[in-house]
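Here is data-v7.cif, consisting of mmCIF, C-alpha atoms and all ligand atoms:
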```cif
data_model
#
loop_
_atom_site.label_atom_id
_atom_site.label_comp_id
_atom_site.auth_asym_id
_atom_site.auth_seq_id
_atom_site.Cartn_x
_atom_site.Cartn_y
_atom_site.Cartn_z
CA MET A 1 -26.58 2.68 -26.42
CA ALA A 2 -24.13 3.81 -23.74
CA VAL A 3 -25.40 3.42 -20.18
CA ILE A 4 -23.73 4.88 -17.09
CA ASN A 5 -23.99 2.57 -14.12
CA LEU A 6 -24.20 4.49 -10.90
CA THR A 7 -22.97 1.56 -8.83
CA LEU A 8 -20.29 -1.03 -9.48
CA THR A 9 -21.34 -4.46 -10.67
CA ASP A 10 -20.32 -7.49 -8.57
CA GLU A 11 -17.52 -8.21 -11.06
CA GLN A 12 -16.25 -4.63 -10.88
CA ARG A 13 -16.35 -4.74 -7.09
CA ALA A 14 -14.34 -7.97 -7.12
CA LEU A 15 -11.87 -6.37 -9.53
CA ARG A 16 -11.45 -3.33 -7.28
CA ASP A 17 -11.06 -5.51 -4.18
CA GLY A 18 -8.45 -7.67 -5.91
CA VAL A 19 -6.38 -4.63 -6.86
CA ALA A 20 -6.81 -3.14 -3.37
CA GLU A 21 -5.56 -6.41 -1.87
CA ILE A 22 -2.33 -6.15 -3.88
CA CYS A 23 -1.98 -2.47 -2.94
CA LYS A 24 -2.11 -3.39 0.77
CA ARG A 25 1.21 -5.17 0.29
CA TYR A 26 2.72 -1.88 -0.94
CA PRO A 27 2.09 0.74 1.75
CA GLY A 28 3.35 4.32 1.95
CA GLU A 29 6.80 3.20 3.15
CA TYR A 30 7.32 1.30 -0.10
CA TRP A 31 6.47 4.25 -2.36
CA ARG A 32 8.35 6.69 -0.13
CA ALA A 33 11.57 4.68 -0.24
CA LEU A 34 11.41 4.40 -4.03
CA ASP A 35 10.58 8.08 -4.34
CA ALA A 36 13.68 9.06 -2.36
CA LYS A 37 15.87 6.93 -4.63
CA ARG A 38 13.83 7.64 -7.79
CA GLU A 39 13.56 3.90 -8.40
CA TYR A 40 10.98 2.03 -10.41
CA PRO A 41 8.35 0.02 -8.44
CA GLU A 42 9.41 -3.30 -10.00
CA ALA A 43 7.84 -5.57 -7.38
CA PHE A 44 4.50 -3.76 -7.48
CA VAL A 45 4.36 -3.72 -11.29
CA ASP A 46 5.32 -7.42 -11.40
CA ASP A 47 2.52 -8.28 -8.98
CA LEU A 48 -0.07 -6.29 -10.93
CA THR A 49 1.13 -7.91 -14.16
CA LYS A 50 1.10 -11.45 -12.76
CA ALA A 51 -2.43 -10.95 -11.50
CA GLY A 52 -3.41 -9.91 -15.04
CA TYR A 53 -4.53 -6.38 -14.20
CA LEU A 54 -2.24 -4.67 -16.72
CA ALA A 55 -3.66 -6.89 -19.45
CA ALA A 56 -7.22 -5.91 -18.56
CA LEU A 57 -7.84 -4.22 -21.91
CA ILE A 58 -6.13 -6.83 -24.10
CA PRO A 59 -8.74 -9.04 -25.81
CA GLU A 60 -9.07 -12.59 -24.47
CA GLU A 61 -7.92 -14.09 -27.77
CA TYR A 62 -4.51 -12.54 -27.08
CA GLY A 63 -4.37 -13.64 -23.46
CA GLY A 64 -5.84 -10.55 -21.81
CA ALA A 65 -9.02 -10.08 -19.81
CA GLY A 66 -10.93 -8.31 -22.61
CA LEU A 67 -12.40 -5.76 -20.22
CA GLY A 68 -13.45 -2.20 -21.01
CA ILE A 69 -11.94 1.19 -20.26
CA THR A 70 -14.39 1.43 -17.33
CA GLU A 71 -12.57 -1.48 -15.69
CA GLY A 72 -9.14 -0.21 -16.77
CA GLY A 73 -9.95 3.10 -15.08
CA LEU A 74 -11.19 1.32 -11.97
CA ILE A 75 -7.88 -0.54 -11.66
CA LEU A 76 -5.81 2.64 -11.91
CA GLU A 77 -8.13 4.62 -9.65
CA THR A 78 -7.87 1.91 -6.99
CA VAL A 79 -4.06 2.01 -7.04
CA HIS A 80 -4.08 5.79 -6.58
CA ALA A 81 -6.81 5.76 -3.95
CA ALA A 82 -4.64 3.32 -1.98
CA GLY A 83 -1.73 5.78 -2.00
CA GLY A 84 0.25 4.18 -4.83
CA ASN A 85 1.19 5.48 -8.25
CA ALA A 86 0.02 3.59 -11.32
CA ALA A 87 1.87 6.05 -13.57
CA ALA A 88 4.65 3.48 -13.38
CA CYS A 89 2.63 1.14 -15.56
CA HIS A 90 -0.45 2.92 -16.95
CA ALA A 91 0.97 3.48 -20.44
CA GLN A 92 0.66 -0.18 -21.34
CA MET A 93 -3.12 0.13 -21.06
CA TYR A 94 -3.44 2.94 -23.54
CA ILE A 95 -0.48 2.36 -25.85
CA MET A 96 -1.43 -1.17 -26.72
CA GLY A 97 -4.69 0.17 -28.24
CA THR A 98 -2.64 1.51 -31.18
CA LEU A 99 -1.21 -1.95 -31.78
CA LEU A 100 -4.61 -3.57 -31.34
CA ARG A 101 -6.47 -1.23 -33.69
CA HIS A 102 -3.83 -0.59 -36.34
CA GLY A 103 -1.24 -3.35 -36.05
CA SER A 104 -1.10 -6.23 -38.54
CA ALA A 105 -2.37 -9.67 -37.58
CA ALA A 106 1.26 -10.84 -37.39
CA GLN A 107 2.25 -7.97 -35.07
CA LYS A 108 -0.72 -8.60 -32.79
CA ARG A 109 0.02 -12.32 -32.63
CA ALA A 110 3.70 -11.67 -31.99
CA TYR A 111 3.35 -9.07 -29.26
CA LEU A 112 -0.03 -8.97 -27.54
CA PRO A 113 0.13 -12.40 -25.85
CA LYS A 114 3.62 -11.62 -24.55
CA ILE A 115 2.53 -8.21 -23.32
CA ALA A 116 -0.49 -9.83 -21.63
CA SER A 117 1.66 -12.44 -19.88
CA GLY A 118 4.24 -9.89 -18.80
CA GLU A 119 7.01 -11.47 -20.87
CA LEU A 120 7.30 -8.14 -22.71
CA ARG A 121 6.70 -4.70 -21.27
CA LEU A 122 5.28 -1.97 -23.49
CA GLN A 123 5.41 1.04 -21.22
CA ALA A 124 7.33 3.61 -23.29
CA PHE A 125 5.62 6.08 -25.57
CA GLY A 126 7.94 8.38 -27.52
CA VAL A 127 6.13 11.49 -28.73
CA THR A 128 7.28 14.70 -27.02
CA GLU A 129 10.28 16.58 -28.41
CA PRO A 130 12.22 19.57 -27.13
CA ASN A 131 11.46 21.73 -30.17
CA ALA A 132 7.85 20.69 -30.65
CA GLY A 133 6.27 20.24 -27.19
CA SER A 134 2.49 20.25 -27.42
CA ASP A 135 2.74 21.15 -31.12
CA THR A 136 3.21 17.47 -32.00
CA THR A 137 3.10 17.77 -35.79
CA LYS A 138 6.29 19.88 -35.61
CA LEU A 139 8.31 16.99 -34.26
CA GLN A 140 11.70 16.65 -35.92
CA THR A 141 12.69 13.04 -35.33
CA THR A 142 12.87 11.34 -38.72
CA ALA A 143 12.58 7.71 -39.79
CA VAL A 144 13.95 7.22 -43.29
CA ARG A 145 13.28 3.99 -45.17
CA ARG A 146 16.42 2.23 -46.43
CA GLY A 147 15.68 -1.16 -47.96
CA ASP A 148 14.23 -3.46 -45.32
CA HIS A 149 14.67 -1.05 -42.43
CA TYR A 150 14.17 2.52 -41.24
CA VAL A 151 16.94 4.75 -39.90
CA VAL A 152 15.86 7.00 -37.02
CA ASN A 153 17.55 10.29 -36.11
CA GLY A 154 16.51 13.01 -33.69
CA GLN A 155 15.67 13.43 -30.04
CA LYS A 156 12.78 13.13 -27.61
CA ILE A 157 12.24 14.58 -24.16
CA PHE A 158 10.32 13.40 -21.09
CA ILE A 159 9.90 9.86 -22.37
CA SER A 160 9.03 7.72 -19.39
CA ARG A 161 9.88 4.10 -18.51
CA VAL A 162 12.25 3.52 -21.44
CA LEU A 163 14.73 1.72 -19.19
CA GLN A 164 11.94 -0.42 -17.72
CA SER A 165 10.35 -1.37 -21.06
CA ASP A 166 11.13 -3.89 -23.75
CA LEU A 167 9.10 -2.08 -26.37
CA MET A 168 8.47 1.55 -27.21
CA LEU A 169 5.81 3.06 -29.40
CA LEU A 170 7.59 5.77 -31.35
CA LEU A 171 6.18 8.64 -33.43
CA ALA A 172 8.55 9.95 -36.10
CA ARG A 173 8.32 11.86 -39.34
CA THR A 174 8.66 9.67 -42.44
CA THR A 175 7.81 12.38 -45.00
CA PRO A 176 9.18 15.92 -44.61
CA VAL A 177 6.50 18.42 -43.58
CA ASP A 178 6.99 20.47 -46.79
CA LYS A 179 6.14 17.39 -48.89
CA VAL A 180 2.73 16.67 -47.34
CA ARG A 181 -0.62 18.38 -47.90
CA ARG A 182 -1.37 18.68 -44.20
CA LYS A 183 1.14 18.83 -41.35
CA THR A 184 -0.70 15.97 -39.65
CA GLU A 185 0.34 13.68 -42.53
CA GLY A 186 3.76 12.10 -42.97
CA LEU A 187 4.13 10.97 -39.36
CA SER A 188 4.40 7.25 -38.64
CA VAL A 189 4.18 5.00 -35.60
CA PHE A 190 6.69 2.23 -34.93
CA LEU A 191 6.74 -0.51 -32.35
CA VAL A 192 10.41 -0.51 -31.49
CA ASP A 193 12.16 -3.33 -29.68
CA ILE A 194 14.44 -1.23 -27.50
CA ARG A 195 16.16 -4.12 -25.74
CA HIS A 196 18.92 -4.35 -28.30
CA ALA A 197 18.54 -1.01 -30.06
CA LYS A 198 21.81 0.43 -31.31
CA GLY A 199 22.03 4.18 -31.83
CA LEU A 200 19.66 4.96 -28.96
CA GLU A 201 20.99 6.89 -25.98
CA VAL A 202 18.79 7.17 -22.90
CA ARG A 203 19.56 9.92 -20.39
CA PRO A 204 17.47 9.71 -17.21
CA LEU A 205 16.03 13.00 -15.94
CA ARG A 206 15.49 13.66 -12.25
CA MET A 207 11.98 15.05 -12.04
CA MET A 208 9.82 16.56 -9.29
CA MET A 209 8.48 13.07 -8.59
CA ASN A 210 9.51 9.48 -9.18
CA HIS A 211 8.59 8.98 -12.83
CA SER A 212 11.46 7.18 -14.64
CA THR A 213 11.56 9.89 -17.31
CA ASN A 214 14.31 10.35 -19.89
CA ALA A 215 15.74 12.34 -22.73
CA LEU A 216 16.32 10.15 -25.80
CA PHE A 217 18.86 10.62 -28.57
CA PHE A 218 18.59 8.68 -31.81
CA ASP A 219 21.74 8.47 -33.87
CA ASP A 220 21.14 6.32 -36.96
CA MET A 221 19.05 3.86 -34.94
CA GLU A 222 18.02 1.08 -37.30
CA ILE A 223 14.62 -0.56 -36.94
CA PRO A 224 13.20 -3.27 -39.18
CA ALA A 225 10.52 -2.16 -41.65
CA GLU A 226 8.11 -4.61 -39.94
CA ALA A 227 8.17 -2.31 -36.90
CA LEU A 228 5.88 0.10 -38.75
CA ILE A 229 2.33 0.05 -37.39
CA GLY A 230 -0.40 0.41 -39.99
CA GLU A 231 0.24 2.64 -42.97
CA GLU A 232 3.25 4.89 -43.31
CA GLY A 233 2.28 8.56 -42.86
CA LYS A 234 -0.91 7.87 -40.87
CA GLY A 235 0.73 7.77 -37.45
CA PHE A 236 -0.71 11.01 -36.14
CA THR A 237 -4.29 9.80 -36.59
CA TYR A 238 -3.39 6.50 -34.91
CA ILE A 239 -2.02 8.39 -31.91
CA LEU A 240 -5.09 10.65 -31.80
CA ASP A 241 -7.23 7.51 -31.80
CA GLY A 242 -5.65 6.43 -28.52
CA MET A 243 -6.02 9.77 -26.81
CA ASN A 244 -9.52 9.32 -25.45
CA ALA A 245 -8.43 6.14 -23.67
CA GLU A 246 -5.41 7.96 -22.29
CA ARG A 247 -7.53 10.88 -21.03
CA ILE A 248 -10.04 8.56 -19.32
CA LEU A 249 -7.34 6.45 -17.67
CA VAL A 250 -5.38 9.47 -16.46
CA ALA A 251 -8.61 11.03 -15.16
CA SER A 252 -9.14 7.82 -13.18
CA GLU A 253 -5.73 8.17 -11.56
CA SER A 254 -6.54 11.76 -10.58
CA ILE A 255 -9.86 10.64 -9.13
CA GLY A 256 -8.01 8.01 -7.08
CA ASP A 257 -5.57 10.70 -5.88
CA GLY A 258 -8.47 12.97 -4.99
CA ARG A 259 -10.14 10.23 -2.97
CA TRP A 260 -6.87 9.47 -1.15
CA PHE A 261 -6.36 13.14 -0.23
CA VAL A 262 -9.94 13.52 0.99
CA ASP A 263 -9.80 10.34 3.10
CA LYS A 264 -6.46 11.33 4.56
CA ALA A 265 -7.67 14.87 5.31
CA VAL A 266 -10.89 13.66 6.95
CA ALA A 267 -8.98 11.18 9.13
CA TYR A 268 -6.33 13.66 10.21
CA SER A 269 -8.65 16.59 10.86
CA GLY A 270 -10.85 14.32 12.97
CA GLN A 271 -8.07 13.23 15.27
CA ARG A 272 -5.97 16.40 15.55
CA VAL A 273 -7.35 18.25 18.56
CA LEU A 274 -6.53 21.92 19.05
CA PHE A 275 -8.28 24.61 21.08
CA GLY A 276 -10.30 21.84 22.71
CA LYS A 277 -11.85 20.29 19.57
CA PRO A 278 -10.85 18.41 16.42
CA ILE A 279 -9.60 20.85 13.80
CA GLY A 280 -12.11 19.31 11.36
CA ALA A 281 -14.92 20.96 13.33
CA ASN A 282 -13.71 24.35 12.10
CA GLN A 283 -15.36 25.36 8.88
CA GLY A 284 -12.09 26.83 7.64
CA VAL A 285 -10.70 23.28 7.68
CA GLN A 286 -13.88 21.35 6.89
CA PHE A 287 -15.20 23.31 3.92
CA PRO A 288 -12.15 23.01 1.64
CA ILE A 289 -12.23 19.25 2.22
CA ALA A 290 -15.97 19.08 1.51
CA ARG A 291 -15.48 21.21 -1.61
CA ALA A 292 -12.67 18.95 -2.80
CA HIS A 293 -14.84 15.88 -2.20
CA MET A 294 -17.62 17.38 -4.33
CA ALA A 295 -15.17 18.21 -7.11
CA VAL A 296 -13.81 14.63 -7.08
CA GLU A 297 -17.35 13.19 -7.18
CA ALA A 298 -18.34 15.43 -10.09
CA ALA A 299 -15.18 14.53 -12.01
CA ALA A 300 -15.85 10.84 -11.36
CA LEU A 301 -19.32 11.17 -12.90
CA MET A 302 -17.83 12.74 -16.02
CA ARG A 303 -15.16 10.03 -16.11
CA ASN A 304 -17.90 7.39 -15.84
CA LYS A 305 -19.81 9.03 -18.68
CA SER A 306 -16.75 9.19 -20.95
CA ALA A 307 -15.85 5.57 -20.12
CA ALA A 308 -19.40 4.38 -20.82
CA LEU A 309 -19.37 6.14 -24.20
CA PHE A 310 -15.91 4.76 -25.00
CA ASP A 311 -16.94 1.21 -24.12
CA ALA A 312 -20.07 1.56 -26.27
CA ASP A 313 -17.89 2.70 -29.20
CA GLU A 314 -19.58 6.07 -29.26
CA PRO A 315 -17.80 9.42 -29.75
CA CYS A 316 -16.36 10.59 -26.43
CA GLY A 317 -13.70 13.18 -27.26
CA ALA A 318 -15.49 15.99 -25.43
CA GLU A 319 -16.29 13.89 -22.37
CA ALA A 320 -12.81 12.31 -22.14
CA ASN A 321 -11.14 15.72 -22.29
CA ILE A 322 -13.54 17.26 -19.79
CA ALA A 323 -13.05 14.29 -17.44
CA LYS A 324 -9.27 14.62 -17.61
CA TYR A 325 -9.47 18.36 -16.93
CA LEU A 326 -11.95 18.17 -14.06
CA ALA A 327 -10.24 15.21 -12.43
CA ALA A 328 -6.78 16.82 -12.52
CA GLU A 329 -8.21 20.03 -11.01
CA ALA A 330 -10.18 18.09 -8.38
CA ALA A 331 -7.11 16.10 -7.32
CA TRP A 332 -5.10 19.30 -7.08
CA GLU A 333 -7.80 20.99 -5.00
CA ALA A 334 -7.99 17.93 -2.74
CA GLY A 335 -4.19 17.88 -2.46
CA ASN A 336 -4.17 21.50 -1.32
CA ALA A 337 -6.96 20.91 1.18
CA CYS A 338 -5.05 17.89 2.51
CA ILE A 339 -1.76 19.77 2.85
CA ASP A 340 -3.52 22.70 4.53
CA CYS A 341 -5.30 20.60 7.12
CA HIS A 342 -2.09 18.75 7.98
CA GLY A 343 -0.29 22.02 8.75
CA GLY A 344 3.45 21.38 8.96
CA TYR A 345 2.94 17.61 8.82
CA GLY A 346 1.69 17.96 5.26
CA TYR A 347 5.29 18.74 4.32
CA ALA A 348 6.80 15.84 6.26
CA GLU A 349 7.69 12.92 4.00
CA GLU A 350 6.44 10.26 6.41
CA TYR A 351 2.82 11.39 5.90
CA ASP A 352 2.99 10.74 2.13
CA VAL A 353 0.88 13.85 1.53
CA GLU A 354 3.73 15.84 -0.02
CA ARG A 355 4.64 12.88 -2.28
CA LYS A 356 1.08 12.45 -3.53
CA PHE A 357 0.85 16.24 -3.91
CA ARG A 358 3.88 16.22 -6.22
CA GLU A 359 2.62 13.17 -8.11
CA CYS A 360 -0.90 14.46 -8.72
CA ARG A 361 0.36 17.79 -10.08
CA LEU A 362 1.63 16.08 -13.23
CA TYR A 363 -1.82 15.57 -14.67
CA LYS A 364 -2.39 19.28 -15.05
CA THR A 365 0.54 19.19 -17.51
CA ALA A 366 0.75 15.72 -19.03
CA PRO A 367 -0.15 13.84 -21.11
CA VAL A 368 -1.85 17.01 -22.36
CA ASN A 369 -1.83 20.33 -20.55
CA GLN A 370 -5.02 21.91 -19.24
CA ASN A 371 -4.82 24.85 -21.68
CA LEU A 372 -4.96 22.54 -24.65
CA VAL A 373 -7.99 20.79 -23.17
CA LEU A 374 -9.68 24.18 -22.80
CA ALA A 375 -8.74 25.00 -26.40
CA TYR A 376 -10.23 21.66 -27.51
CA VAL A 377 -13.48 22.34 -25.69
CA GLY A 378 -13.62 25.93 -26.99
CA GLU A 379 -13.01 24.94 -30.57
CA HIS A 380 -14.44 21.45 -31.00
CA VAL A 381 -17.24 21.40 -28.46
CA LEU A 382 -18.37 25.03 -28.49
CA GLY A 383 -17.47 25.86 -32.09
CA MET A 384 -15.36 28.87 -31.17
CA PRO A 385 -12.46 30.13 -33.36
CA ARG A 386 -9.28 28.06 -33.42
CA SER A 387 -6.57 29.55 -31.20
CA TYR A 388 -3.54 27.70 -32.49
C1 LIG A 401 6.91 13.55 -15.71
C2 LIG A 401 6.58 13.63 -17.17
C3 LIG A 401 6.43 12.47 -17.88
C4 LIG A 401 6.17 12.52 -19.27
N1 LIG A 401 6.11 11.36 -19.98
C5 LIG A 401 5.97 11.42 -21.33
C6 LIG A 401 6.07 10.24 -22.13
O1 LIG A 401 6.22 9.12 -21.61
N2 LIG A 401 5.97 10.36 -23.47
C7 LIG A 401 5.81 11.56 -24.09
O2 LIG A 401 5.75 11.60 -25.32
N3 LIG A 401 5.72 12.72 -23.36
C8 LIG A 401 5.81 12.66 -22.01
N4 LIG A 401 5.75 13.83 -21.26
C9 LIG A 401 5.63 15.09 -21.94
C10 LIG A 401 4.31 15.79 -21.74
O3 LIG A 401 3.30 15.15 -22.47
C11 LIG A 401 4.53 17.24 -22.13
O4 LIG A 401 5.35 17.83 -21.14
C12 LIG A 401 3.28 17.99 -22.27
O5 LIG A 401 2.55 17.48 -23.36
C13 LIG A 401 3.53 19.47 -22.50
O6 LIG A 401 4.54 19.68 -23.46
P1 LIG A 401 5.78 20.65 -23.11
O7 LIG A 401 6.37 20.20 -21.83
O8 LIG A 401 6.69 20.73 -24.28
O9 LIG A 401 5.13 22.05 -22.88
P2 LIG A 401 4.79 23.12 -23.99
O10 LIG A 401 4.06 22.48 -25.11
O11 LIG A 401 6.03 23.87 -24.29
O12 LIG A 401 3.78 24.04 -23.23
C14 LIG A 401 4.24 24.92 -22.17
C15 LIG A 401 3.08 25.72 -21.65
O13 LIG A 401 2.51 26.50 -22.68
C16 LIG A 401 1.12 26.38 -22.70
N5 LIG A 401 0.67 26.34 -24.11
C17 LIG A 401 1.29 25.80 -25.18
N6 LIG A 401 0.58 25.99 -26.29
C18 LIG A 401 -0.54 26.65 -25.94
C19 LIG A 401 -1.68 27.13 -26.63
N7 LIG A 401 -1.84 26.97 -27.94
N8 LIG A 401 -2.63 27.78 -25.92
C20 LIG A 401 -2.49 27.97 -24.60
N9 LIG A 401 -1.44 27.54 -23.89
C21 LIG A 401 -0.48 26.90 -24.54
C22 LIG A 401 0.78 25.07 -22.01
O14 LIG A 401 -0.35 25.20 -21.23
C23 LIG A 401 1.96 24.83 -21.12
O15 LIG A 401 1.63 25.24 -19.83
C24 LIG A 401 5.98 13.78 -19.89
C25 LIG A 401 6.09 14.96 -19.12
C26 LIG A 401 6.39 14.90 -17.80
C27 LIG A 401 6.52 16.18 -17.02
#
```
This entry written out as structure tokens:
Amino acid sequence: MAVINLTLTDEQRALRDGVAEICKRYPGEYWRALDAKREYPEAFVDDLTKAGYLAALIPEEYGGAGLGITEGGLILETVHAAGGNAAACHAQMYIMGTLLRHGSAAQKRAYLPKIASGELRLQAFGVTEPNAGSDTTKLQTTAVRRGDHYVVNGQKIFISRVLQSDLMLLLARTTPVDKVRRKTEGLSVFLVDIRHAKGLEVRPLRMMMNHSTNALFFDDMEIPAEALIGEEGKGFTYILDGMNAERILVASESIGDGRWFVDKAVAYSGQRVLFGKPIGANQGVQFPIARAHMAVEAAALMRNKSAALFDADEPCGAEANIAKYLAAEAAWEAGNACIDCHGGYGYAEEYDVERKFRECRLYKTAPVNQNLVLAYVGEHVLGMPRSY
């Protein structure tokens, strides 16, 4: 039975403290400098990898720590609460689940230990396309079997960390949509070694924040047939399988952001004295921060519930979606309260508030936008009519 612990265990506390110790070596200046140049946080990701934190969810038999999503979330939350951005490396935690659950024994043996040790990076996840967007089953990238390999053609948009990864999990159509019974069939997942891929063009996109995101163009890219994960045509269900983990982990990042904003706002509004008293004494300043804190705490409880269910192998689709939604909204509310209480300084780069504000906004849109979460809750949780 799933149990929600209201306090951290000693092991979890040690885990959080270990991550926080690494984060201390990467203060605001570090993230700010990279943000200005839109550069990948190589040193930070290397340190987290070497310390084993990115392999937290990989089973011990493959060289990982064999921890649960609760601990994975705690790691990411801690990075964000310290002012960093784990988006640079979070995908490994949820993508590798597809390989773990659906990969062959040979694929797991070949890749998981190297991913755990950091020898290989699996940080790229190629799903979104310009003509499909959130309507994933309409994706147009095809992978056609020719002898002992597949030939991939098409394009993807907003695919992050391709230039920083060795491997990419790719979703492509292997059977045309008019030849399958349901549009969710005929899609397949591949674990692509992108280090030497020919026929793959990567065009970096400059985004609102530092996110190493790209447009991808596949022009007869050949991949060996062994790159297929699981059964051909079942890829969509494999990707769906990983979504609860993704939602819980992303919710954890938002919760970390929310905590950072609240701490920063409390500290600033306590020391900024105007009209003879700290601005935090004014209810117009204090209440939005208190409200944001309550929203972050509530979202954290729902995240804890979804993580506890996930770790107990119980259904958690509703809870994971609700956690992602509430956490993204709470972080955004906290970000606004933090900007407001900082006045003009909230817009000054050296305070990091504007950077975190830009970074936290993403989770209202990706990996799934808030409207689709509402549609999920309306349809699947409340039994209301399907809207799309
Ligand atoms: C920085 C960044 C990094 C990303 N990284 C990756 C990545 O690594 N891999 C990857 O595959 N993707 C990635 N994405 C893509 C991301 O997952 C998508 O942007 C997101 O899923 C939304 O798709 P879209 O942009 O095509 O918007 P659309 O699907 O076009 O949606 C646009 C708007 O329409 C609304 N909408 C659409 N359909 C409905 C509906 N039925 N009901 C109500 N409202 C609706 C949505 O709320 C949304 O606001 C990334 C995006 C960003 C911005």
Residue among A:Gly378, A:Gly270, A:Gly343, A:Pro278 lying closest to ligand LIG 401 (chain A), counting all atoms listed in the file: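 When distances to ligand LIG 401 (chain A) are compared using all atoms listed in the file, the smallest one comes from A:Gly378.
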Restricting the calculation to only C-alpha atoms: of A:Arg291, A:Arg181, A:Arg101, A:Lys198, which residue gets closest to Val152 of chain A? A:Lys198
Of the candidates A:Gly73, A:Gly335, A:Gly133, A:Gly63, which one gets nearest to ligand LIG 401 (chain A) if we count all atoms listed in the file?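 So, comparing all the options, the nearest one is A:Gly133.
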What's around segment 221-232 of chain A at 7 Å? Count only C-alpha atoms, leave out sequence neighbours fewer than 6 positions away in its own chain, and write the answer as a list of chain:residue names.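 Residues meeting the cut-off are A:Leu99, A:His102, A:Gly103, A:Ser104, A:Asp148, A:His149, A:Tyr150, A:Val151, A:Val152, A:Asn153, A:Ser188, A:Val189, A:Phe190, A:Leu191, A:Val192, A:Ala197, A:Lys198, A:Gly199, A:Leu200.
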Would you list the residues that come within 8 Å of ligand LIG 401 (chain A)? Count only C-alpha atoms and all ligand atoms and give the answer as a ChimeraX atom specification. /A:91,124-135,156-161,207-209,211-213,362,365-372,375,387-388
Could you work out how far atom CA of Glu42 of chain A lies from atom CA of Tyr30 of chain A, giving the answer in Å with one decimal? 11.1 Å
Residues within 9 Å of (9.3, 8.6, -9.5), file coords, all atoms listed in the file, listed as a VMD selection string: chain A and resid 31 34 to 41 85 87 to 88 206 to 213 359
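In this comparison, which uses only C-alpha atoms, the residue of A:His380, A:Lys114, A:Arg25, A:Lys277 approaching Val79 of chain A most closely is A:Arg25.
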Find the residue from A:Ala307, A:Val285, A:Met302, A:Val3 that sits nearest to Glu71 of chain A; use only C-alpha atoms when measuring.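 For Glu71 of chain A, the nearest of the given residues is A:Ala307.
Of the listed residues A:Tyr345, A:Asn321, A:Ala327, A:Glu201, the one whose atoms come nearest to Arg272 of chain A is A:Tyr345, with distances taken using all atoms listed in the file.
Our summary of the geometry notes that atom CA of Ile75 of chain A is positioned 28.3 Å from atom CA of Ser269 of chain A.
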Using Å and a single decimal, report how far atom CA of Arg259 of chain A sits from atom CA of Tyr376 of chain A.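 A separation of 27.1 Å between them.
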For the point (-16.0, 14.2, -28.1) in file coordinates, what residues are within 10 Å, counting only C-alpha atoms? Give the answer as a ChimeraX atom specification? /A:244,306,309-310,314-322,376-377,380-381
Ser252 of chain A environment, 7 Å, only C-alpha atoms, sequence neighbours closer than 2 positions dropped, as a PyMOL selection string: chain A and resi 73-74+76-77+248-250+254-256
Which residues come within 9 Å of Gly28 of chain A, counting all atoms listed in the file, excluding same-chain residues fewer than 2 positions away, as an MDAnalysis selection string? chainID A and resid 26 30:33 82:84 350:352
Selection near Gly97 of chain A, 9 Å with all atoms listed in the file, sequence-local residues under 4 positions removed, as a ChimeraX atom specification: /A:57-58,92-93,101-102,241-242,245
Considering all atoms listed in the file, return as a PDB file with C-alpha atoms, in the coordinates of the input whatever protein or nucleic-acid residues lie within 12 Å of Gln271 of chain A, sequence-local ones (same chain, fewer than 5 positions apart) excluded.
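File produced: result-v4.pdb:
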```pdb
ATOM      1  CA  LYS A 264      -6.460  11.330   4.560  1.00  0.00           C
ATOM      2  CA  ALA A 265      -7.670  14.870   5.310  1.00  0.00           C
ATOM      3  CA  VAL A 266     -10.890  13.660   6.950  1.00  0.00           C
ATOM      4  CA  GLY A 276     -10.300  21.840  22.710  1.00  0.00           C
ATOM      5  CA  LYS A 277     -11.850  20.290  19.570  1.00  0.00           C
ATOM      6  CA  PRO A 278     -10.850  18.410  16.420  1.00  0.00           C
ATOM      7  CA  ILE A 279      -9.600  20.850  13.800  1.00  0.00           C
ATOM      8  CA  GLY A 280     -12.110  19.310  11.360  1.00  0.00           C
ATOM      9  CA  ALA A 281     -14.920  20.960  13.330  1.00  0.00           C
ATOM     10  CA  CYS A 341      -5.300  20.600   7.120  1.00  0.00           C
ATOM     11  CA  HIS A 342      -2.090  18.750   7.980  1.00  0.00           C
TER      12      HIS A 342
END
```
